[in-house]
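File shown here: structure.txt, holding compact mmCIF, C-alpha atoms and all ligand atoms.
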```
# COMPACT_ATOMS: atom_id res chain seq x y z
CA MET R 22 -49.24 45.38 -26.13
CA SER R 23 -50.28 46.47 -22.66
CA ARG R 24 -48.45 48.00 -19.71
CA ALA R 25 -48.01 44.53 -18.26
CA ASN R 26 -45.72 43.68 -21.20
CA THR R 27 -43.37 46.60 -20.61
CA ARG R 28 -40.00 45.88 -19.03
CA PHE R 29 -40.98 47.41 -15.68
CA PHE R 30 -43.52 44.62 -15.16
CA ASN R 31 -41.20 41.76 -16.26
CA SER R 32 -40.83 38.63 -14.15
CA ASN R 33 -37.40 39.41 -12.65
CA THR R 34 -37.44 38.51 -8.94
CA LEU R 35 -35.29 41.52 -8.11
CA LYS R 36 -35.94 44.66 -10.12
CA LEU R 37 -33.15 47.22 -10.39
CA GLY R 38 -33.45 50.98 -10.51
CA VAL R 39 -31.13 53.96 -10.35
CA PHE R 40 -31.98 56.67 -7.83
CA SER R 41 -31.12 60.36 -7.45
CA ALA R 42 -28.94 60.86 -10.54
CA ASN R 43 -30.83 64.07 -11.38
CA CYS R 44 -29.20 65.76 -8.35
CA SER R 45 -25.71 67.12 -7.88
CA GLY R 46 -23.98 64.71 -5.52
CA GLY R 47 -26.44 61.89 -6.31
CA MET R 48 -26.67 60.23 -2.88
CA ALA R 49 -23.11 60.88 -1.68
CA VAL R 50 -22.48 63.81 0.66
CA THR R 51 -18.81 64.14 -0.14
CA ASN R 52 -16.18 66.59 -1.34
CA VAL R 53 -14.20 64.24 -3.58
CA PRO R 54 -13.54 65.76 -7.02
CA GLU R 55 -15.10 62.86 -8.95
CA ARG R 56 -18.49 63.36 -7.24
CA TRP R 57 -21.56 63.35 -9.48
CA ASP R 58 -22.39 66.68 -11.14
CA GLY R 59 -26.01 65.76 -12.01
CA SER R 60 -25.73 67.40 -15.45
CA TRP R 61 -28.18 66.60 -18.22
CA ASP R 62 -25.49 65.14 -20.49
CA ASN R 63 -24.36 62.74 -17.77
CA ASN R 64 -27.96 61.76 -16.99
CA LEU R 65 -28.59 60.98 -20.64
CA LYS R 66 -25.46 58.84 -20.84
CA LEU R 67 -26.39 57.05 -17.62
CA ALA R 68 -29.94 56.33 -18.82
CA GLN R 69 -28.61 54.79 -21.99
CA ILE R 70 -26.14 52.58 -20.08
CA VAL R 71 -28.81 51.13 -17.80
CA ASP R 72 -31.47 50.88 -20.52
CA GLU R 73 -29.02 48.71 -22.47
CA ALA R 74 -28.11 46.67 -19.37
CA GLY R 75 -31.75 45.77 -18.64
CA PHE R 76 -32.44 47.86 -15.51
CA GLU R 77 -36.18 48.28 -14.92
CA PHE R 78 -36.37 51.94 -13.88
CA LEU R 79 -34.88 55.36 -13.23
CA LEU R 80 -36.13 57.30 -10.21
CA PRO R 81 -35.36 60.98 -9.58
CA VAL R 82 -35.49 63.08 -6.43
CA ALA R 83 -37.79 66.10 -6.44
CA ARG R 84 -35.89 68.85 -4.65
CA TRP R 85 -36.43 72.59 -4.98
CA VAL R 86 -33.75 73.92 -2.66
CA GLY R 87 -30.50 72.43 -1.32
CA TYR R 88 -30.07 71.53 2.34
CA LYS R 89 -27.59 74.35 2.86
CA GLU R 90 -27.11 77.57 0.93
CA ASN R 91 -24.36 77.43 -1.71
CA SER R 92 -23.63 73.83 -0.91
CA PHE R 93 -22.91 71.22 -3.56
CA PHE R 94 -25.11 68.34 -2.46
CA HIS R 95 -28.59 68.62 -4.05
CA ASN R 96 -28.06 72.25 -4.83
CA SER R 97 -28.46 71.68 -8.56
CA VAL R 98 -31.42 69.41 -9.31
CA LEU R 99 -33.03 68.74 -12.68
CA GLU R 100 -36.83 69.08 -12.50
CA THR R 101 -38.19 65.56 -12.62
CA MET R 102 -41.11 65.81 -15.07
CA SER R 103 -39.03 67.43 -17.82
CA TRP R 104 -36.12 65.08 -16.98
CA ALA R 105 -38.39 62.01 -17.29
CA SER R 106 -39.99 63.19 -20.54
CA ALA R 107 -36.64 63.83 -22.21
CA LEU R 108 -35.21 60.51 -21.02
CA LEU R 109 -38.29 58.64 -22.23
CA ALA R 110 -37.71 60.14 -25.67
CA SER R 111 -34.07 58.98 -25.59
CA THR R 112 -34.40 55.41 -24.28
CA ARG R 113 -36.11 52.24 -25.48
CA GLU R 114 -37.35 49.96 -22.71
CA ILE R 115 -36.54 51.29 -19.28
CA ALA R 116 -39.33 52.93 -17.21
CA VAL R 117 -38.68 56.50 -16.09
CA PHE R 118 -40.43 57.98 -13.05
CA ALA R 119 -41.08 61.57 -12.12
CA THR R 120 -41.30 62.52 -8.45
CA VAL R 121 -43.97 65.03 -7.50
CA HIS R 122 -44.74 66.86 -4.25
CA THR R 123 -48.50 66.93 -3.93
CA ALA R 124 -48.39 70.30 -2.18
CA PHE R 125 -46.40 72.09 -4.90
CA SER R 126 -48.18 70.93 -8.07
CA HIS R 127 -51.85 71.17 -8.97
CA PRO R 128 -53.27 67.68 -9.65
CA ILE R 129 -54.80 68.74 -12.99
CA VAL R 130 -51.42 70.00 -14.19
CA THR R 131 -49.61 66.91 -12.93
CA ALA R 132 -52.18 64.53 -14.45
CA LYS R 133 -51.64 66.08 -17.87
CA GLN R 134 -47.86 66.13 -17.51
CA CYS R 135 -47.90 62.43 -16.58
CA ALA R 136 -50.18 61.53 -19.51
CA THR R 137 -47.91 63.47 -21.87
CA ALA R 138 -44.74 61.81 -20.56
CA ASP R 139 -46.41 58.40 -20.81
CA GLN R 140 -47.37 59.10 -24.43
CA ILE R 141 -43.75 60.06 -25.16
CA GLY R 142 -42.50 56.84 -23.55
CA HIS R 143 -45.16 54.54 -25.04
CA GLY R 144 -46.32 53.46 -21.59
CA ARG R 145 -42.98 53.56 -19.72
CA PHE R 146 -43.71 56.47 -17.39
CA GLY R 147 -44.28 56.14 -13.64
CA LEU R 148 -45.12 58.54 -10.82
CA ASN R 149 -43.50 58.74 -7.38
CA ILE R 150 -45.75 60.67 -5.01
CA VAL R 151 -44.28 62.67 -2.11
CA CYS R 152 -46.72 63.96 0.49
CA GLY R 153 -44.20 66.16 2.27
CA TRP R 154 -41.55 66.32 4.97
CA ASN R 155 -39.02 69.07 4.17
CA SER R 156 -40.12 72.16 6.11
CA TYR R 157 -37.31 74.30 4.68
CA GLU R 158 -38.63 73.64 1.18
CA TYR R 159 -42.23 74.32 2.22
CA GLU R 160 -41.12 77.67 3.62
CA MET R 161 -39.64 78.56 0.25
CA PHE R 162 -43.04 77.93 -1.36
CA GLY R 163 -44.83 79.83 1.39
CA ILE R 164 -46.87 76.75 2.24
CA ASP R 165 -47.33 75.35 5.76
CA LEU R 166 -46.16 71.77 6.21
CA PRO R 167 -48.92 70.25 8.37
CA THR R 168 -47.40 68.92 11.60
CA GLU R 169 -49.82 66.02 11.62
CA HIS R 170 -48.88 63.26 9.19
CA SER R 171 -52.58 62.46 8.78
CA ALA R 172 -53.21 65.95 7.34
CA ARG R 173 -50.36 65.56 4.81
CA TYR R 174 -51.75 62.27 3.60
CA ALA R 175 -55.39 63.44 3.59
CA PHE R 176 -54.32 66.21 1.22
CA GLY R 177 -52.33 63.68 -0.81
CA GLN R 178 -55.34 61.39 -1.05
CA GLU R 179 -57.57 64.10 -2.43
CA TRP R 180 -54.84 65.16 -4.84
CA TYR R 181 -54.31 61.63 -6.10
CA ASP R 182 -58.04 60.84 -6.40
CA ILE R 183 -58.40 63.82 -8.75
CA ALA R 184 -55.41 62.76 -10.90
CA ARG R 185 -56.60 59.16 -11.07
CA ARG R 186 -60.09 60.17 -12.15
CA ILE R 187 -58.65 62.38 -14.90
CA TRP R 188 -56.68 59.39 -16.22
CA SER R 189 -59.49 56.89 -16.01
CA GLU R 190 -62.76 58.73 -16.69
CA GLN R 191 -64.02 59.74 -20.12
CA LYS R 192 -66.59 62.23 -18.85
CA ALA R 193 -65.81 65.56 -17.17
CA PHE R 194 -66.53 65.64 -13.42
CA ASP R 195 -66.94 68.22 -10.67
CA TRP R 196 -64.92 67.87 -7.47
CA ASN R 197 -66.09 69.22 -4.17
CA GLY R 198 -63.46 68.23 -1.61
CA GLU R 199 -61.88 69.78 1.44
CA HIS R 200 -58.86 71.14 -0.42
CA PHE R 201 -60.07 71.39 -4.01
CA LYS R 202 -63.34 72.70 -5.46
CA LEU R 203 -63.18 72.06 -9.19
CA LYS R 204 -65.62 72.28 -12.10
CA HIS R 205 -65.84 70.17 -15.29
CA VAL R 206 -62.50 68.47 -14.77
CA ALA R 207 -61.19 66.54 -17.76
CA GLY R 208 -57.91 65.61 -19.40
CA ALA R 209 -56.88 64.16 -22.74
CA PRO R 210 -54.86 62.41 -23.93
CA LYS R 211 -55.01 59.66 -21.33
CA PRO R 212 -51.84 57.77 -20.41
CA TYR R 213 -50.56 55.64 -23.31
CA PHE R 214 -52.37 52.40 -22.50
CA GLY R 215 -55.50 54.17 -21.24
CA ASP R 216 -54.81 53.07 -17.66
CA CYS R 217 -53.03 54.65 -14.69
CA PRO R 218 -49.22 54.75 -14.74
CA PRO R 219 -47.46 52.78 -11.98
CA ILE R 220 -47.47 54.64 -8.67
CA LEU R 221 -44.62 54.58 -6.16
CA ASN R 222 -44.85 56.01 -2.71
CA ALA R 223 -42.10 56.31 -0.15
CA ALA R 224 -43.08 56.53 3.50
CA SER R 225 -42.32 54.97 6.84
CA SER R 226 -44.94 56.62 9.03
CA GLU R 227 -48.09 54.65 9.71
CA GLU R 228 -50.22 57.12 7.74
CA GLY R 229 -47.73 57.06 4.87
CA ARG R 230 -47.78 53.30 4.62
CA ALA R 231 -51.57 53.27 4.76
CA PHE R 232 -51.54 55.74 1.85
CA ALA R 233 -49.28 53.40 -0.12
CA VAL R 234 -51.44 50.40 0.70
CA ARG R 235 -54.50 52.25 -0.64
CA ASN R 236 -52.97 53.81 -3.73
CA ALA R 237 -49.55 52.62 -4.78
CA ASP R 238 -48.26 49.71 -6.83
CA PHE R 239 -44.93 49.84 -5.01
CA LEU R 240 -43.92 51.12 -1.61
CA PHE R 241 -40.38 52.34 -1.02
CA THR R 242 -39.00 51.73 2.43
CA VAL R 243 -35.66 52.65 3.88
CA LEU R 244 -33.72 49.58 4.96
CA ALA R 245 -31.97 49.77 8.34
CA ASP R 246 -31.03 46.09 8.49
CA ILE R 247 -32.09 42.97 6.60
CA GLU R 248 -34.03 41.38 9.50
CA LYS R 249 -36.03 44.52 10.21
CA GLY R 250 -36.58 44.86 6.45
CA ARG R 251 -38.00 41.35 6.29
CA GLN R 252 -40.49 42.17 9.07
CA ASP R 253 -41.51 45.43 7.40
CA VAL R 254 -42.09 43.77 4.03
CA THR R 255 -44.12 40.94 5.53
CA ALA R 256 -46.25 43.37 7.55
CA VAL R 257 -46.97 45.80 4.74
CA LYS R 258 -47.72 43.07 2.20
CA ALA R 259 -50.14 41.49 4.68
CA GLN R 260 -51.75 44.91 5.20
CA ALA R 261 -52.19 45.25 1.42
CA ALA R 262 -53.56 41.71 1.05
CA GLN R 263 -56.12 42.46 3.74
CA ALA R 264 -57.22 45.48 1.73
CA GLY R 265 -57.47 43.26 -1.36
CA ARG R 266 -54.49 44.93 -3.03
CA LYS R 267 -51.17 43.70 -4.34
CA LEU R 268 -48.32 45.92 -3.22
CA GLY R 269 -44.71 45.42 -4.23
CA VAL R 270 -41.98 46.71 -1.92
CA PHE R 271 -38.75 48.35 -3.03
CA THR R 272 -35.84 49.64 -1.05
CA THR R 273 -32.91 51.86 -1.79
CA SER R 274 -29.13 51.42 -1.46
CA TYR R 275 -25.78 52.90 -2.40
CA VAL R 276 -23.03 50.80 -3.90
CA VAL R 277 -19.25 50.73 -3.92
CA CYS R 278 -18.11 47.78 -6.00
CA ARG R 279 -14.40 47.11 -6.55
CA PRO R 280 -12.39 43.97 -7.42
CA THR R 281 -11.84 43.16 -3.71
CA ASP R 282 -13.70 43.91 -0.47
CA ALA R 283 -10.64 45.77 0.84
CA GLU R 284 -10.50 48.09 -2.18
CA ALA R 285 -14.21 48.83 -1.89
CA GLN R 286 -13.90 49.60 1.81
CA ASP R 287 -10.88 51.83 1.19
CA TYR R 288 -12.77 53.86 -1.37
CA HIS R 289 -15.77 54.10 0.94
CA ARG R 290 -13.55 55.41 3.75
CA TYR R 291 -11.94 57.92 1.35
CA TYR R 292 -15.17 59.54 0.14
CA ALA R 293 -17.62 58.90 3.01
CA ASP R 294 -15.32 59.58 5.94
CA THR R 295 -12.01 61.33 5.16
CA ASN R 296 -13.64 63.55 2.51
CA ALA R 297 -17.22 63.52 3.76
CA ASN R 298 -19.10 66.79 3.93
CA TRP R 299 -20.30 66.36 7.51
CA GLU R 300 -21.86 69.79 7.73
CA GLU R 301 -24.30 68.96 4.93
CA ALA R 302 -24.90 65.41 6.13
CA GLU R 303 -25.75 66.74 9.62
CA ARG R 304 -28.14 69.31 8.18
CA PHE R 305 -29.99 66.58 6.26
CA MET R 306 -30.19 64.38 9.36
CA ALA R 307 -31.53 67.26 11.44
CA LEU R 308 -34.26 68.08 8.91
CA GLN R 309 -35.26 64.43 8.59
CA ASN R 310 -35.33 63.96 12.33
CA ILE R 311 -37.63 66.93 12.86
CA SER R 312 -40.34 66.44 10.27
CA SER R 313 -40.17 63.00 8.70
CA GLN R 314 -40.42 59.44 9.95
CA SER R 315 -38.50 58.05 6.98
CA PHE R 316 -35.66 56.82 9.14
CA PRO R 317 -36.12 55.10 12.50
CA PRO R 318 -34.50 57.41 15.16
CA GLU R 319 -31.78 54.88 16.06
CA VAL R 320 -30.50 55.03 12.46
CA PHE R 321 -29.22 58.59 12.97
CA LYS R 322 -26.93 57.55 15.81
CA GLN R 323 -26.05 54.05 14.82
CA PHE R 324 -25.47 54.61 11.13
CA ARG R 325 -24.19 58.19 10.95
CA GLY R 326 -21.65 57.15 8.29
CA ARG R 327 -24.42 56.13 5.94
CA PHE R 328 -25.58 59.71 5.67
CA ALA R 329 -22.32 60.81 4.10
CA GLY R 330 -21.98 57.59 2.11
CA GLY R 331 -25.45 57.53 0.64
CA ASN R 332 -27.87 59.95 2.29
CA GLY R 333 -28.77 57.40 4.95
CA VAL R 334 -29.75 54.46 2.79
CA TYR R 335 -28.42 50.88 2.90
CA PRO R 336 -24.69 50.49 2.02
CA ILE R 337 -23.59 47.72 -0.33
CA ILE R 338 -19.79 47.75 -0.27
CA GLY R 339 -17.45 45.07 -1.54
CA SER R 340 -16.30 42.84 -4.34
CA PRO R 341 -18.74 41.76 -7.07
CA ASP R 342 -19.43 38.57 -5.05
CA THR R 343 -20.17 40.54 -1.87
CA VAL R 344 -22.37 43.01 -3.74
CA ALA R 345 -24.32 40.23 -5.48
CA ASP R 346 -24.70 38.33 -2.18
CA THR R 347 -26.01 41.46 -0.43
CA LEU R 348 -28.51 42.11 -3.22
CA ALA R 349 -29.59 38.48 -2.95
CA ALA R 350 -30.09 38.91 0.81
CA ILE R 351 -32.28 41.97 0.16
CA SER R 352 -34.31 39.93 -2.29
CA GLY R 353 -34.47 37.08 0.22
CA ALA R 354 -36.00 39.46 2.75
CA GLY R 355 -38.93 39.87 0.39
CA PHE R 356 -38.08 43.07 -1.46
CA ASP R 357 -39.19 43.13 -5.09
CA GLY R 358 -36.67 45.70 -6.16
CA VAL R 359 -33.83 47.93 -5.09
CA THR R 360 -32.35 51.16 -6.34
CA VAL R 361 -28.61 51.71 -6.55
CA ALA R 362 -26.53 54.89 -6.52
CA PHE R 363 -22.81 55.53 -6.94
CA VAL R 364 -20.38 58.37 -6.21
CA ASN R 365 -19.95 58.70 -9.96
CA TYR R 366 -22.66 56.69 -11.70
CA ASN R 367 -21.14 56.68 -15.15
CA GLU R 368 -17.65 55.74 -14.04
CA GLU R 369 -18.87 52.92 -11.78
CA LEU R 370 -21.93 51.47 -13.52
CA PRO R 371 -20.10 49.69 -16.36
CA TYR R 372 -18.15 47.61 -13.82
CA PHE R 373 -21.34 46.87 -11.86
CA CYS R 374 -23.13 45.79 -15.02
CA GLN R 375 -20.24 43.66 -16.17
CA GLU R 376 -19.56 41.91 -12.86
CA VAL R 377 -22.68 42.01 -10.70
CA LEU R 378 -25.50 41.50 -13.22
CA PRO R 379 -24.21 38.08 -14.40
CA ARG R 380 -23.91 36.99 -10.75
CA LEU R 381 -27.55 37.99 -10.11
CA GLU R 382 -28.54 36.06 -13.22
CA ALA R 383 -26.62 33.00 -12.00
CA LYS R 384 -28.54 33.24 -8.71
CA GLY R 385 -31.81 33.21 -10.67
CA LEU R 386 -32.77 36.71 -9.52
CA ARG R 387 -32.71 38.27 -12.98
CA LYS R 388 -32.78 37.22 -16.59
CA PRO R 389 -30.20 38.54 -19.07
CA ALA R 390 -31.32 41.76 -20.80
C1 LIG R 401 -36.73 56.07 -2.15
C2 LIG R 401 -37.28 57.36 -1.59
C3 LIG R 401 -37.48 58.41 -2.45
C4 LIG R 401 -37.94 59.64 -1.97
N1 LIG R 401 -38.00 60.68 -2.81
C5 LIG R 401 -38.25 61.89 -2.30
C6 LIG R 401 -38.12 63.03 -3.11
O1 LIG R 401 -37.75 62.92 -4.27
N2 LIG R 401 -38.38 64.25 -2.60
C7 LIG R 401 -38.76 64.40 -1.29
O2 LIG R 401 -38.98 65.54 -0.87
N3 LIG R 401 -38.91 63.34 -0.50
C8 LIG R 401 -38.65 62.10 -0.97
N4 LIG R 401 -38.74 61.02 -0.16
C9 LIG R 401 -39.35 61.22 1.16
C10 LIG R 401 -40.72 60.55 1.26
O3 LIG R 401 -41.51 60.71 0.14
C11 LIG R 401 -41.58 60.99 2.46
O4 LIG R 401 -42.02 62.28 2.33
C12 LIG R 401 -40.80 60.88 3.68
O5 LIG R 401 -40.39 59.58 3.72
C13 LIG R 401 -41.62 61.23 4.93
O6 LIG R 401 -42.71 60.41 5.03
P1 LIG R 401 -43.16 59.77 6.39
O7 LIG R 401 -42.72 60.68 7.49
O8 LIG R 401 -44.66 59.71 6.25
O9 LIG R 401 -42.54 58.44 6.47
C14 LIG R 401 -38.28 59.79 -0.60
C15 LIG R 401 -38.09 58.71 0.26
C16 LIG R 401 -37.59 57.51 -0.21
C17 LIG R 401 -37.39 56.38 0.76
```
Starting from the file, give its structure as C-alpha cells.
Ligand SMILES: Cc1cc2nc3c(=O)[nH]c(=O)nc-3n(C[C@H](O)[C@H](O)[C@H](O)COP(=O)(O)O)c2cc1C
Amino acid sequence: MSRANTRFFNSNTLKLGVFSANCSGGMAVTNVPERWDGSWDNNLKLAQIVDEAGFEFLLPVARWVGYKENSFFHNSVLETMSWASALLASTREIAVFATVHTAFSHPIVTAKQCATADQIGHGRFGLNIVCGWNSYEYEMFGIDLPTEHSARYAFGQEWYDIARRIWSEQKAFDWNGEHFKLKHVAGAPKPYFGDCPPILNAASSEEGRAFAVRNADFLFTVLADIEKGRQDVTAVKAQAAQAGRKLGVFTTSYVVCRPTDAEAQDYHRYYADTNANWEEAERFMALQNISSQSFPPEVFKQFRGRFAGGNGVYPIIGSPDTVADTLAAISGAGFDGVTVAFVNYNEELPYFCQEVLPRLEAKGLRKPA
C-alpha cells in the first residue's frame, strides 16, 4: 500500500470534497434557523455520511476570530488539526485536511502534528497552507500582515521548506534562513507512508499561484465563471508543466439541490436574500477587498448575492439534473475537483448523494463508491 492507492488519489475525473463544515454557518451568511451550527457531533455525522458516499476529502477553514464581534458566521470554529485527527480516527477511506496559517504556527510543531494525524489516518491526512490575508486576525495575534504579497509567500516558502525537510530527511539539520534560525531539527515519526502528505494551496495572486506551482499538489482557485475558470486552469497547469511539476486544480462551490429548479431557487432566495445577514457578508467582502486577491474585484459588485449564499464562491442551484450538469461543466473546464457546502450539510447531503452522485457516475465523472 502506498499513498497513491488511497481514495484521495483515485482515478475519478471529478473529485468531491466538503468545505468549511468546521465553522458555524459553514459558507452561508444567513439568519435562517436551520443554519449550520458547526458542532463536533454534526461534523462527525457529516464525515461519516460522505466517507460512506465515496467523497475524496474534507477541508476545514482555519479561522481564529469571526468577522464581526458576537456574530454567528464563523464565530465558532473547530481548530483544524485536532478536528482532522479526530475525524481520521472515526472514518475509513476519506482524506481529511487541516488548514494552517504559516504565520501562526511554528513549522516544527506543524510538521509533527501533520505526521501524527497522518499516522492516525493511515496516510489519509492532507495539509492546506494559508500564507495570510486577514489583517483583523493578524492583529489579534499581534503579528504584522506584510502588505507585499511577495513577503507573505517568502515567509511561507521558508516555513514549508522546513516542514518538508522534517518529513523527508532522516538526519537532523540546521536551518539558517531569513525568518528561522534553527539547530538540529528533526522529527519522528514521519508521515505514514514516509513521504509528504498532499499539499493544497489556495491563492489567486501571482505570487500565491507561483507558490502553489512550486510546492502544492493541488491549487484551489475561486471560480467567477466557467470560461474564466477554464483559462485560469489552462494557464496554471501550463505554468506547472513548465516547472516540471504536475499540479491539479480544485475549485469551491455552494449547493442548493431540490427536486425542481424553482424549488431550489426559492430556497436560495429565502436564505441568501430575504434572510441574509448582509452586515456580516459586507464585512467579509471589505476585508477580502483590502488585503487579499482571492476574488477578482468585479466579483464583489457583480456577484454580491454569492457572499451571503456561500461566502463568495460559485453557486450551484437547481434540480439534481441542473446540479449534475453544472458540476460536469466545472469538470469540463479542466478542474480536477470541487468542494461543496450546504446551508445545513447533514439535512441536505443525503439528497445530494442519492440524486446527484448517480448522475455524475452516469456521465463518467465518478465511479460508484
Ligand atoms: C478553498 C479556499 C480555502 C481557503 N481556506 C482558508 C482558510 O481556511 N483560512 C484563511 O485564512 N484563508 C483561507 N483561504 C484564503 C487563501 O488561503 C489566501 O490566503 C487568500 O486567497 C489570499 O491569497 P492571495 O491574495 O495571494 O490570492 C482559502 C481560500 C480558498 C479559495
Give me, as JSON lines, the closest atom pair and its distance (Å, one decimal) for every residue of segment 166-192 of chain R within a cut-off of 8 Å of segment 131-138 of chain R, counting all atoms listed in the file, rows sorted by chain and rising number.
```
{"residue": "R:Ala184", "atom": "CA", "partner": "R:Ala132", "partner_atom": "CA", "distance": 5.1}
{"residue": "R:Arg185", "atom": "CA", "partner": "R:Ala132", "partner_atom": "CA", "distance": 7.7}
{"residue": "R:Ile187", "atom": "CA", "partner": "R:Ala132", "partner_atom": "CA", "distance": 6.8}
{"residue": "R:Trp188", "atom": "CA", "partner": "R:Ala132", "partner_atom": "CA", "distance": 7.1}
```
Residues of segment 218-281 of chain R that approach segment 160-172 of chain R to 8 Å or less, counting all atoms listed in the file: could you list each one with the shortest pair of atoms and its distance in Å to one decimal, rows by chain and increasing residue number, as CSV?
```
residue,atom,partner,partner_atom,distance
R:Ser226,CA,R:His170,CA,7.7
R:Glu228,CA,R:Ser171,CA,5.9
R:Gly229,CA,R:His170,CA,7.6
```
What residues of the protein or nucleic acid chains come within 6 Å of ligand LIG 401 (chain R) when you use only C-alpha atoms and all ligand atoms? Reply as number ranges by chain.
R: 82-84, 120, 151-154, 223-226, 229, 241-243, 273, 313-315
Work out where the centre of an axis-aligned box around every listed atom of segment 128-133 of chain R lies and how long its edges are once 5 Å is added on each side; give both in Å to one decimal as lines of an AutoDock Vina configuration file.
```
center_x = -52.2
center_y = 67.3
center_z = -13.8
size_x = 15.2
size_y = 15.5
size_z = 18.2
```
If you count only C-alpha atoms, the residue of R:Phe356, R:Phe78, R:Trp61, R:Tyr366 closest to Thr255 of chain R turns out to be R:Phe356
(Q) Residues within 7 Å of segment 326-335 of chain R, please, as a list in words. Count all atoms listed in the file; anything in the same chain fewer than 4 positions from it doesn't count. (A) Met48, Ala49, Val50, Thr51, Val243, Leu244, Ala245, Thr273, Ser274, Tyr275, Ala293, Ala297, Asn298, Trp299 and Ala302 of chain R
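Distance check against Arg279 of chain R using only C-alpha atoms: of R:Leu65, R:Val117, R:Ile183, R:Ile337, the minimum falls on R:Ile337.
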Glu368 of chain R surroundings by only C-alpha atoms, 12 Å radius, close-in-sequence under 2 positions cut, as a ChimeraX atom specification: /R:55-57,63,66-67,70,277-279,362-366,370-374
Neighbour list for Glu114 of chain R as a list in words, cut-off 9 Å, all atoms listed in the file, skip fewer than 2 positions in-chain: Thr27, Arg28, Phe29, Asp72, Glu73, Gly75, Phe76, Glu77, Leu109, Thr112, Ala116, Gly142 and Arg145 of chain R
Between R:Glu158, R:Asp253, R:Asp357, R:Asp182, smallest distance to Gly269 of chain R by only C-alpha atoms belongs to R:Asp357
Among the residues R:Ala207, R:Val53, R:Ala74, R:Ala285, the one that comes closest to Glu190 of chain R [using only C-alpha atoms]:
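With only C-alpha atoms as the atom set, the closest residue is R:Ala207.
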Name all residues at most 7 Å from segment 247-251 of chain R (count only C-alpha atoms; drop same-chain ones fewer than 4 positions away) and give them as a PDB file with C-alpha atoms, keeping the file's coordinate frame.
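Heads up, here's the output in around_11.pdb:
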```
ATOM      1  CA  THR R 255     -44.120  40.940   5.530  1.00  0.00           C
ATOM      2  CA  ILE R 351     -32.280  41.970   0.160  1.00  0.00           C
ATOM      3  CA  ALA R 354     -36.000  39.460   2.750  1.00  0.00           C
ATOM      4  CA  GLY R 355     -38.930  39.870   0.390  1.00  0.00           C
TER       5      GLY R 355
END
```
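Residue nearest Ala256 of chain R, chosen from R:Arg230, R:Asp282, R:Ser340, R:Lys211 and counting all atoms listed in the file: R:Arg230.
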With distances taken over only C-alpha atoms, the candidate from R:Ile150, R:Ala193, R:Ala107, R:Cys44 nearest Ser60 of chain R is R:Cys44
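Counting from atom CA of His143 of chain R, the distance to atom CA of Gly38 of chain R is 19.0 Å.
If you look at atom CA of Lys384 of chain R and atom CA of Thr347 of chain R, they are 11.9 Å away from each other.
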Sel. within 9 Å of pt (-50.6, 55.2, -0.9), counting all atoms listed in the file, output as a list of chain:residue names | R:Ile150, R:Tyr174, R:Gly177, R:Gln178, R:Ile220, R:Leu221, R:Asn222, R:Ala223, R:Ala224, R:Glu228, R:Gly229, R:Arg230, R:Ala231, R:Phe232, R:Ala233, R:Val234, R:Arg235, R:Asn236, R:Ala237, R:Asp238, R:Phe239, R:Leu240
Separating atom CA of Ala262 of chain R from atom CA of Leu348 of chain R, to the nearest tenth of an Å, is a gap of 25.4 Å
Would you mind completing segment 102-114 of chain R so that it carries N, CA and C atoms, and writing it out as a tab-separated table (two decimals), in the frame of the given file?
```tsv
chain	number	residue	atom	x	y	z
R	102	MET	N	-40.17	66.11	-13.99
R	102	MET	CA	-41.11	65.81	-15.07
R	102	MET	C	-40.46	66.07	-16.43
R	103	SER	N	-39.71	67.17	-16.54
R	103	SER	CA	-39.03	67.43	-17.82
R	103	SER	C	-37.90	66.43	-18.03
R	104	TRP	N	-37.20	66.10	-16.94
R	104	TRP	CA	-36.12	65.08	-16.98
R	104	TRP	C	-36.68	63.75	-17.49
R	105	ALA	N	-37.81	63.31	-16.91
R	105	ALA	CA	-38.39	62.01	-17.29
R	105	ALA	C	-38.83	62.03	-18.75
R	106	SER	N	-39.47	63.12	-19.17
R	106	SER	CA	-39.99	63.19	-20.54
R	106	SER	C	-38.84	63.09	-21.55
R	107	ALA	N	-37.77	63.84	-21.27
R	107	ALA	CA	-36.64	63.83	-22.21
R	107	ALA	C	-35.95	62.47	-22.21
R	108	LEU	N	-35.85	61.83	-21.05
R	108	LEU	CA	-35.21	60.51	-21.02
R	108	LEU	C	-36.09	59.46	-21.71
R	109	LEU	N	-37.40	59.60	-21.57
R	109	LEU	CA	-38.29	58.64	-22.23
R	109	LEU	C	-38.15	58.73	-23.75
R	110	ALA	N	-37.89	59.96	-24.22
R	110	ALA	CA	-37.71	60.14	-25.67
R	110	ALA	C	-36.36	59.59	-26.14
R	111	SER	N	-35.45	59.35	-25.21
R	111	SER	CA	-34.07	58.98	-25.59
R	111	SER	C	-33.71	57.55	-25.20
R	112	THR	N	-34.67	56.78	-24.70
R	112	THR	CA	-34.40	55.41	-24.28
R	112	THR	C	-35.42	54.48	-24.94
R	113	ARG	N	-35.24	53.17	-24.75
R	113	ARG	CA	-36.11	52.24	-25.48
R	113	ARG	C	-37.04	51.44	-24.59
R	114	GLU	N	-36.52	50.90	-23.48
R	114	GLU	CA	-37.35	49.96	-22.71
R	114	GLU	C	-37.48	50.29	-21.24
```
